[in-house]
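**Student:** Supplied structure: my_file20.cif, mmCIF, C-alpha atoms and all ligand atoms.
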```
data_query
#
loop_
_atom_site.label_atom_id
_atom_site.label_comp_id
_atom_site.auth_asym_id
_atom_site.auth_seq_id
_atom_site.Cartn_x
_atom_site.Cartn_y
_atom_site.Cartn_z
CA MET A 1263 143.20 94.65 75.00
CA LYS A 1264 140.52 97.25 74.20
CA ILE A 1265 142.09 100.18 72.37
CA GLY A 1266 140.40 103.17 70.81
CA PHE A 1267 140.14 106.82 69.93
CA ILE A 1268 137.90 109.72 70.74
CA GLN A 1269 137.27 112.23 67.95
CA THR A 1270 136.21 115.64 69.29
CA ASN A 1271 135.77 119.24 68.15
CA PRO A 1272 137.58 121.47 70.67
CA GLU A 1273 136.51 125.11 70.96
CA PHE A 1274 139.55 127.35 70.74
CA GLY A 1275 140.63 128.62 74.16
CA GLN A 1276 137.77 126.91 76.05
CA VAL A 1277 139.99 124.59 78.07
CA GLU A 1278 137.55 123.84 80.88
CA HIS A 1279 134.77 123.02 78.40
CA ASN A 1280 136.99 120.90 76.15
CA VAL A 1281 138.52 118.91 78.97
CA SER A 1282 135.15 118.34 80.67
CA ARG A 1283 133.67 117.04 77.41
CA ALA A 1284 136.58 114.61 76.98
CA VAL A 1285 136.32 113.50 80.62
CA ASP A 1286 132.58 112.79 80.20
CA ILE A 1287 133.27 110.68 77.11
CA VAL A 1288 136.12 108.71 78.67
CA GLU A 1289 133.97 108.05 81.75
CA SER A 1290 131.25 106.59 79.54
CA THR A 1291 133.69 104.37 77.62
CA ASP A 1292 135.03 100.95 78.47
CA ALA A 1293 138.60 100.74 77.13
CA ASP A 1294 142.11 99.87 78.26
CA LEU A 1295 143.84 102.46 76.07
CA ILE A 1296 142.25 105.61 74.66
CA VAL A 1297 143.84 108.28 72.45
CA LEU A 1298 142.54 111.86 72.24
CA PRO A 1299 143.39 114.44 69.55
CA GLU A 1300 146.41 116.75 69.42
CA LEU A 1301 145.82 119.94 71.49
CA PHE A 1302 142.48 118.51 72.64
CA SER A 1303 142.20 120.99 75.52
CA THR A 1304 143.05 124.28 73.80
CA GLY A 1305 142.18 124.00 70.13
CA TYR A 1306 144.75 124.46 67.38
CA LEU A 1307 144.99 127.84 65.66
CA PHE A 1308 146.98 130.07 68.03
CA PRO A 1309 147.14 133.66 66.75
CA ASP A 1310 150.62 134.10 68.23
CA ARG A 1311 153.11 132.82 70.78
CA ARG A 1312 151.77 135.08 73.54
CA ILE A 1313 148.30 133.52 73.38
CA LEU A 1314 149.81 130.05 73.15
CA SER A 1315 151.86 130.85 76.26
CA GLU A 1316 148.71 131.92 78.12
CA LEU A 1317 146.93 128.66 77.26
CA ALA A 1318 149.87 126.25 77.59
CA GLU A 1319 150.21 124.27 80.81
CA SER A 1320 153.01 122.58 82.58
CA VAL A 1321 153.20 118.81 82.81
CA PRO A 1322 152.74 117.32 85.38
CA ALA A 1323 151.88 120.38 87.51
CA GLY A 1324 149.10 121.85 85.34
CA PRO A 1325 145.35 121.38 85.88
CA THR A 1326 144.68 119.51 82.62
CA PHE A 1327 147.37 116.97 83.36
CA ARG A 1328 146.02 116.48 86.89
CA ARG A 1329 142.45 115.98 85.63
CA MET A 1330 143.57 113.47 83.03
CA SER A 1331 145.78 111.63 85.50
CA ASP A 1332 142.87 111.36 87.98
CA LEU A 1333 140.65 110.18 85.13
CA ALA A 1334 143.14 107.44 84.20
CA LYS A 1335 143.04 106.23 87.81
CA SER A 1336 139.25 106.43 88.29
CA THR A 1337 138.46 104.72 84.96
CA LYS A 1338 141.47 102.35 84.97
CA THR A 1339 142.31 103.50 81.45
CA ILE A 1340 145.62 104.41 79.85
CA ILE A 1341 144.97 107.80 78.24
CA VAL A 1342 147.12 109.51 75.62
CA PHE A 1343 146.28 113.13 74.87
CA GLY A 1344 147.76 116.09 73.01
CA ILE A 1345 148.48 119.24 75.01
CA ALA A 1346 150.19 122.62 74.62
CA GLU A 1347 153.03 122.18 77.12
CA LYS A 1348 154.89 124.98 78.87
CA ALA A 1349 158.34 124.01 80.15
CA GLY A 1350 160.29 127.03 81.40
CA ASP A 1351 160.32 129.49 78.48
CA LYS A 1352 159.69 126.70 75.94
CA LEU A 1353 156.32 125.81 74.41
CA TYR A 1354 155.84 122.33 72.99
CA ASP A 1355 153.09 120.57 71.03
CA SER A 1356 153.18 117.48 73.24
CA SER A 1357 151.56 114.12 73.70
CA VAL A 1358 151.21 112.81 77.22
CA CYS A 1359 150.43 109.31 78.45
CA VAL A 1360 148.81 108.81 81.85
CA ALA A 1361 147.94 105.44 83.33
CA PRO A 1362 146.00 104.06 86.31
CA GLU A 1363 149.25 103.47 88.20
CA GLY A 1364 150.04 107.17 87.89
CA CYS A 1365 152.84 107.18 85.33
CA CYS A 1366 153.49 110.16 83.14
CA HIS A 1367 155.30 109.96 79.81
CA ILE A 1368 155.81 112.93 77.53
CA TYR A 1369 156.65 113.18 73.85
CA ARG A 1370 157.21 116.60 72.24
CA LYS A 1371 156.34 116.93 68.55
CA LEU A 1372 159.57 116.80 66.56
CA HIS A 1373 158.27 117.99 63.20
CA LEU A 1374 156.27 121.20 63.37
CA PHE A 1375 153.72 121.85 60.63
CA ALA A 1376 153.36 125.16 58.75
CA GLY A 1377 152.42 128.06 61.09
CA GLU A 1378 153.22 126.01 64.20
CA LYS A 1379 156.85 126.91 63.49
CA SER A 1380 156.17 130.52 64.43
CA TYR A 1381 154.88 129.81 67.94
CA PHE A 1382 155.90 126.30 69.11
CA ASP A 1383 159.40 125.11 69.88
CA PRO A 1384 160.42 121.86 68.14
CA GLY A 1385 160.54 118.81 70.39
CA ASP A 1386 163.74 117.97 72.23
CA LEU A 1387 163.07 114.52 73.69
CA PRO A 1388 164.19 111.19 72.22
CA LEU A 1389 161.68 108.86 70.60
CA ARG A 1390 160.89 106.18 73.15
CA ALA A 1391 158.64 103.19 73.65
CA TYR A 1392 157.01 102.83 77.06
CA GLU A 1393 155.87 99.67 78.76
CA VAL A 1394 152.54 100.52 80.29
CA ASN A 1395 150.64 97.63 81.84
CA ASP A 1396 150.45 94.92 79.17
CA CYS A 1397 151.41 97.00 76.18
CA THR A 1398 154.41 98.83 74.86
CA LEU A 1399 153.36 102.08 73.26
CA GLY A 1400 155.05 104.80 71.28
CA MET A 1401 153.80 108.33 70.74
CA MET A 1402 154.10 110.74 67.85
CA VAL A 1403 152.10 113.87 67.03
CA CYS A 1404 150.32 114.67 63.78
CA PHE A 1405 152.77 115.81 61.05
CA ASP A 1406 155.37 113.35 62.35
CA TRP A 1407 153.46 110.87 60.16
CA ILE A 1408 155.14 112.17 57.00
CA PHE A 1409 158.57 111.17 58.36
CA PRO A 1410 158.65 107.36 58.19
CA GLU A 1411 161.70 107.39 60.46
CA VAL A 1412 159.51 108.26 63.45
CA CYS A 1413 157.31 105.14 63.32
CA ARG A 1414 160.33 103.06 62.39
CA VAL A 1415 162.31 104.15 65.45
CA LEU A 1416 159.31 103.61 67.73
CA ALA A 1417 158.76 100.13 66.28
CA LEU A 1418 162.48 99.27 66.57
CA LYS A 1419 162.26 100.26 70.22
CA GLY A 1420 159.49 97.73 70.65
CA ALA A 1421 156.23 99.69 70.39
CA HIS A 1422 153.22 97.44 69.78
CA VAL A 1423 150.99 100.42 69.14
CA ILE A 1424 151.75 103.91 67.91
CA CYS A 1425 149.49 106.45 69.62
CA HIS A 1426 149.02 109.37 67.27
CA PRO A 1427 147.09 112.45 68.43
CA VAL A 1428 146.47 114.66 65.39
CA ASN A 1429 144.76 117.80 64.07
CA LEU A 1430 144.93 116.91 60.39
CA VAL A 1431 144.22 119.37 57.63
CA LEU A 1432 145.77 117.39 54.75
CA HIS A 1433 144.02 114.31 53.40
CA TYR A 1434 146.87 111.83 53.00
CA CYS A 1435 147.68 110.76 56.53
CA GLN A 1436 144.97 108.18 57.11
CA ASP A 1437 146.03 106.24 54.00
CA VAL A 1438 149.71 106.55 54.89
CA MET A 1439 149.14 105.15 58.39
CA ARG A 1440 148.03 101.84 56.87
CA THR A 1441 151.47 101.67 55.26
CA ARG A 1442 153.20 102.66 58.52
CA SER A 1443 151.39 99.73 60.14
CA ILE A 1444 152.43 97.23 57.46
CA GLU A 1445 156.05 98.34 57.10
CA ASN A 1446 156.56 98.22 60.87
CA GLN A 1447 154.04 95.48 61.73
CA VAL A 1448 152.45 97.61 64.44
CA PHE A 1449 149.02 98.86 65.42
CA THR A 1450 148.34 102.58 65.06
CA ILE A 1451 145.68 104.79 66.63
CA THR A 1452 145.26 108.13 64.86
CA ALA A 1453 142.92 110.35 66.92
CA ASN A 1454 141.86 113.35 64.86
CA ARG A 1455 139.50 116.23 65.52
CA PHE A 1456 136.80 117.60 63.26
CA GLY A 1457 135.32 121.05 62.69
CA THR A 1458 136.91 124.33 61.63
CA GLU A 1459 138.93 127.09 63.24
CA SER A 1460 139.56 130.53 61.84
CA HIS A 1461 141.69 133.51 62.69
CA SER A 1462 142.52 136.72 60.75
CA GLY A 1463 140.94 135.40 57.56
CA LYS A 1464 142.70 132.03 57.81
CA VAL A 1465 140.31 129.08 57.95
CA LEU A 1466 141.36 125.53 58.77
CA LYS A 1467 139.08 122.54 58.27
CA PHE A 1468 140.10 119.42 60.15
CA THR A 1469 139.62 116.14 58.36
CA GLY A 1470 138.20 113.77 61.01
CA ARG A 1471 138.33 110.11 59.87
CA SER A 1472 140.20 109.02 63.01
CA GLN A 1473 141.23 105.42 62.65
CA ILE A 1474 142.86 102.33 64.08
CA THR A 1475 145.07 100.14 61.88
CA ALA A 1476 146.43 96.64 62.38
CA PRO A 1477 149.88 95.24 61.44
CA ASN A 1478 148.39 93.76 58.26
CA GLY A 1479 147.14 97.20 57.20
CA GLU A 1480 143.52 96.45 57.97
CA VAL A 1481 141.53 99.47 59.12
CA LEU A 1482 139.90 98.17 62.29
CA ALA A 1483 137.85 101.29 63.00
CA LYS A 1484 137.24 104.57 61.23
CA ALA A 1485 135.26 107.68 62.13
CA ASP A 1486 133.36 109.92 59.74
CA GLU A 1487 134.82 113.18 58.49
CA SER A 1488 132.74 115.08 60.97
CA GLY A 1489 131.01 114.36 64.27
CA GLU A 1490 132.13 113.14 67.64
CA SER A 1491 133.16 109.51 67.54
CA ILE A 1492 134.28 106.97 70.10
CA GLN A 1493 135.51 103.70 68.68
CA ILE A 1494 137.03 100.82 70.59
CA VAL A 1495 138.35 97.54 69.20
CA ASP A 1496 139.54 94.46 71.01
CA VAL A 1497 142.97 93.41 69.72
CA ASP A 1498 145.89 91.21 70.65
CA LEU A 1499 148.71 93.77 70.74
CA HIS A 1500 151.26 90.97 70.94
CA LEU A 1501 150.61 90.35 67.22
CA ALA A 1502 152.91 93.33 66.75
CA GLU A 1503 155.84 91.44 68.27
CA SER A 1504 156.47 89.32 65.19
CA LYS A 1505 158.05 91.05 62.22
CA GLN A 1506 157.75 87.92 60.11
CA VAL A 1507 155.85 88.65 56.87
CA THR A 1508 156.76 85.40 55.06
CA GLU A 1509 158.52 82.28 56.28
CA GLN A 1510 161.77 83.73 54.95
CA ASN A 1511 161.26 87.39 55.81
CA ASP A 1512 161.58 89.10 59.13
CA ILE A 1513 161.37 92.71 58.01
CA PHE A 1514 163.51 94.00 60.86
CA ALA A 1515 166.18 91.31 60.68
CA ASP A 1516 166.28 91.63 56.88
CA ARG A 1517 167.14 95.32 56.87
CA ARG A 1518 170.40 96.18 55.04
CA THR A 1519 171.28 99.15 57.19
CA ARG A 1520 174.72 99.77 55.70
CA PHE A 1521 172.96 100.79 52.47
CA TYR A 1522 170.72 103.29 54.27
CA LYS A 1523 173.35 105.58 55.79
CA ASP A 1524 172.36 108.53 53.58
CA ILE A 1525 169.09 108.97 55.45
CA LEU A 1526 171.06 110.09 58.49
CA SER A 1527 172.90 112.91 56.69
CA SER A 1528 171.42 116.41 56.76
C1 LIG B 1601 149.51 119.02 62.08
O1 LIG B 1601 150.66 118.59 62.26
N1 LIG B 1601 148.77 119.40 63.10
C2 LIG B 1601 148.95 119.11 60.74
#
```
Translate this file's structure into structure tokens.
**Tutor:**
Amino acid sequence: MKIGFIQTNPEFGQVEHNVSRAVDIVESTDADLIVLPELFSTGYLFPDRRILSELAESVPAGPTFRRMSDLAKSTKTIIVFGIAEKAGDKLYDSSVCVAPEGCCHIYRKLHLFAGEKSYFDPGDLPLRAYEVNDCTLGMMVCFDWIFPEVCRVLALKGAHVICHPVNLVLHYCQDVMRTRSIENQVFTITANRFGTESHSGKVLKFTGRSQITAPNGEVLAKADESGESIQIVDVDLHLAESKQVTEQNDIFADRRTRFYKDILSS
């Protein structure tokens, strides 16, 4: 299966421009599964909740969802993208999966990062793995990476590949995702953006270096810190079905869960 990421540099608030650029790139790419960055259509640094509310869109009724869903059908590609989602009076930092057959799966970021807490609502949907065509995929968004429970739950639910739209500003994530791959024996696709955004004297520089990792921790593809990048690799996602790391060790079967109960207390 050909899986990949697209690293872009969205212009804040320029939804039509950002989506059109992503559509052009996907149309020129031959892949089965493509992941786009977090908030790829709007940009990241919302000055306040009112402006976020103006830019957020409903899923599946909104125009960005409909364009991406049509694109999945016309290019026969499963596409995962990050979007500011409006659902009633709630605003979520969501990841959406669309596929040629017209499915729509939504994940809403559980762990909000820094200033996001002042304008987004925290996600309210369970972590799930979705069977889409030949692969079972899980979704998480950006800062969820620092909570190992998220990848673990997705892998326990059967995800072969963790699709991870991000807008990273810290430098640790890409290294950590190699570990997430090894400890869960899954593939990961971290689709980051590059460039900077600023507002009221606050400047954010996004770290690029989008990447794909394999269950053995190998980095199969990596983008530069800056610049648009489209990288596709051909992998056997079924390699993620075995959790056997030695003849005697299946890392899921070997878990001693009764000793881990503390991680579930607040
Ligand atoms: C982040 O969660 N966008 C850093």
**Student:** Give me, please, the distance in Å between atom CA of A:Val1412 and atom CA of A:Tyr1354, quoted to one decimal.
**Tutor:** 17.4 Å
**Student:** Identify, counting all atoms listed in the file, the protein, DNA and RNA residues located within 10 Å of ligand LIG 1601 (chain B), and give them as an MDAnalysis selection string.
**Tutor:** chainID A and resid 1299:1301 1306:1307 1355 1371 1373:1378 1403:1408 1427:1432 1435 1454 1468
**Student:** Need to verify the contact set: A:Tyr1369, 10 Å, only C-alpha atoms, exclusion of same-chain residues closer than 3 positions in sequence. Can you return it as a list in words?
**Tutor:**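 Near neighbours after the sequence-gap exclusion: Gly1344, Tyr1354, Asp1355, Ser1356, Ser1357, Val1358, Cys1359, Leu1372, Gly1385, Asp1386, Leu1387, Pro1388, Leu1389, Arg1390, Gly1400, Met1401, Met1402 and Val1403 of chain A.
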**Student:** When distances are computed from all atoms listed in the file, which of A:Thr1304, A:Ala1284, A:Ala1293, A:Ser1315 shows the smallest separation from A:Arg1329?
**Tutor:**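 Distance minimum relative to A:Arg1329 lands on A:Ala1284.
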**Student:** Choose the residue, out of A:Phe1409, A:Glu1316, A:Ile1268, A:Gln1473, that has the smallest atom-to-atom separation from A:Ile1341; count all atoms listed in the file.
**Tutor:** A:Ile1268
**Student:** Nearest residue to A:Pro1477 out of A:Arg1370, A:Lys1352, A:Lys1335, A:Lys1505, using only C-alpha atoms?
**Tutor:**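 Using only C-alpha atoms, the shortest distance to A:Pro1477 belongs to A:Lys1505.
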**Student:** Starting from the sparse input, extend stretch 1289-1311 of chain A to N, CA, C and O atoms and give the output as a compact mmCIF listing (two decimals), in the frame of the given file.
**Tutor:**
```
# COMPACT_ATOMS: atom_id res chain seq x y z
N GLU A 1289 134.69 108.71 80.64
CA GLU A 1289 133.97 108.05 81.75
C GLU A 1289 132.86 107.13 81.25
O GLU A 1289 132.49 106.17 81.92
N SER A 1290 132.34 107.42 80.06
CA SER A 1290 131.25 106.59 79.54
C SER A 1290 131.78 105.46 78.64
O SER A 1290 130.99 104.76 78.00
N THR A 1291 133.09 105.31 78.57
CA THR A 1291 133.69 104.37 77.62
C THR A 1291 134.43 103.27 78.37
O THR A 1291 135.09 103.54 79.37
N ASP A 1292 134.32 102.06 77.84
CA ASP A 1292 135.03 100.95 78.47
C ASP A 1292 136.22 100.58 77.56
O ASP A 1292 136.03 99.97 76.51
N ALA A 1293 137.41 101.01 77.96
CA ALA A 1293 138.60 100.74 77.13
C ALA A 1293 139.81 100.59 78.04
O ALA A 1293 139.81 101.04 79.19
N ASP A 1294 140.84 99.97 77.52
CA ASP A 1294 142.11 99.87 78.26
C ASP A 1294 143.07 100.99 77.86
O ASP A 1294 143.87 101.44 78.66
N LEU A 1295 142.96 101.40 76.59
CA LEU A 1295 143.84 102.46 76.07
C LEU A 1295 143.02 103.35 75.15
O LEU A 1295 142.39 102.87 74.20
N ILE A 1296 143.03 104.65 75.45
CA ILE A 1296 142.25 105.61 74.66
C ILE A 1296 143.18 106.74 74.21
O ILE A 1296 143.98 107.24 75.01
N VAL A 1297 143.05 107.15 72.96
CA VAL A 1297 143.84 108.28 72.45
C VAL A 1297 142.91 109.43 72.09
O VAL A 1297 141.87 109.23 71.44
N LEU A 1298 143.28 110.62 72.55
CA LEU A 1298 142.54 111.86 72.24
C LEU A 1298 143.34 112.67 71.21
O LEU A 1298 144.53 112.45 71.04
N PRO A 1299 142.69 113.66 70.58
CA PRO A 1299 143.39 114.44 69.55
C PRO A 1299 144.56 115.29 70.09
O PRO A 1299 144.66 115.56 71.29
N GLU A 1300 145.38 115.73 69.15
CA GLU A 1300 146.41 116.75 69.42
C GLU A 1300 145.71 117.99 69.99
O GLU A 1300 144.61 118.35 69.53
N LEU A 1301 146.31 118.65 70.96
CA LEU A 1301 145.82 119.94 71.49
C LEU A 1301 144.33 119.87 71.84
O LEU A 1301 143.58 120.82 71.57
N PHE A 1302 143.92 118.73 72.42
CA PHE A 1302 142.48 118.51 72.64
C PHE A 1302 141.89 119.52 73.63
O PHE A 1302 140.70 119.79 73.61
N SER A 1303 142.73 120.11 74.48
CA SER A 1303 142.20 120.99 75.52
C SER A 1303 142.11 122.45 75.09
O SER A 1303 141.26 123.19 75.59
N THR A 1304 142.97 122.86 74.16
CA THR A 1304 143.05 124.28 73.80
C THR A 1304 142.46 124.63 72.44
O THR A 1304 142.12 125.79 72.20
N GLY A 1305 142.38 123.66 71.53
CA GLY A 1305 142.18 124.00 70.13
C GLY A 1305 143.54 124.25 69.49
O GLY A 1305 144.59 124.20 70.17
N TYR A 1306 143.52 124.55 68.18
CA TYR A 1306 144.75 124.46 67.38
C TYR A 1306 145.34 125.80 66.92
O TYR A 1306 146.54 125.99 66.96
N LEU A 1307 144.47 126.70 66.45
CA LEU A 1307 144.99 127.84 65.66
C LEU A 1307 145.34 129.03 66.57
O LEU A 1307 144.55 129.96 66.73
N PHE A 1308 146.55 129.00 67.13
CA PHE A 1308 146.98 130.07 68.03
C PHE A 1308 147.35 131.29 67.20
O PHE A 1308 148.16 131.19 66.27
N PRO A 1309 146.80 132.47 67.53
CA PRO A 1309 147.14 133.66 66.75
C PRO A 1309 148.62 134.02 66.87
O PRO A 1309 149.23 134.50 65.94
N ASP A 1310 149.20 133.78 68.04
CA ASP A 1310 150.62 134.10 68.23
C ASP A 1310 151.16 133.37 69.46
O ASP A 1310 150.42 132.71 70.18
N ARG A 1311 152.46 133.54 69.68
CA ARG A 1311 153.11 132.82 70.78
C ARG A 1311 152.62 133.30 72.16
O ARG A 1311 152.57 132.53 73.11
```
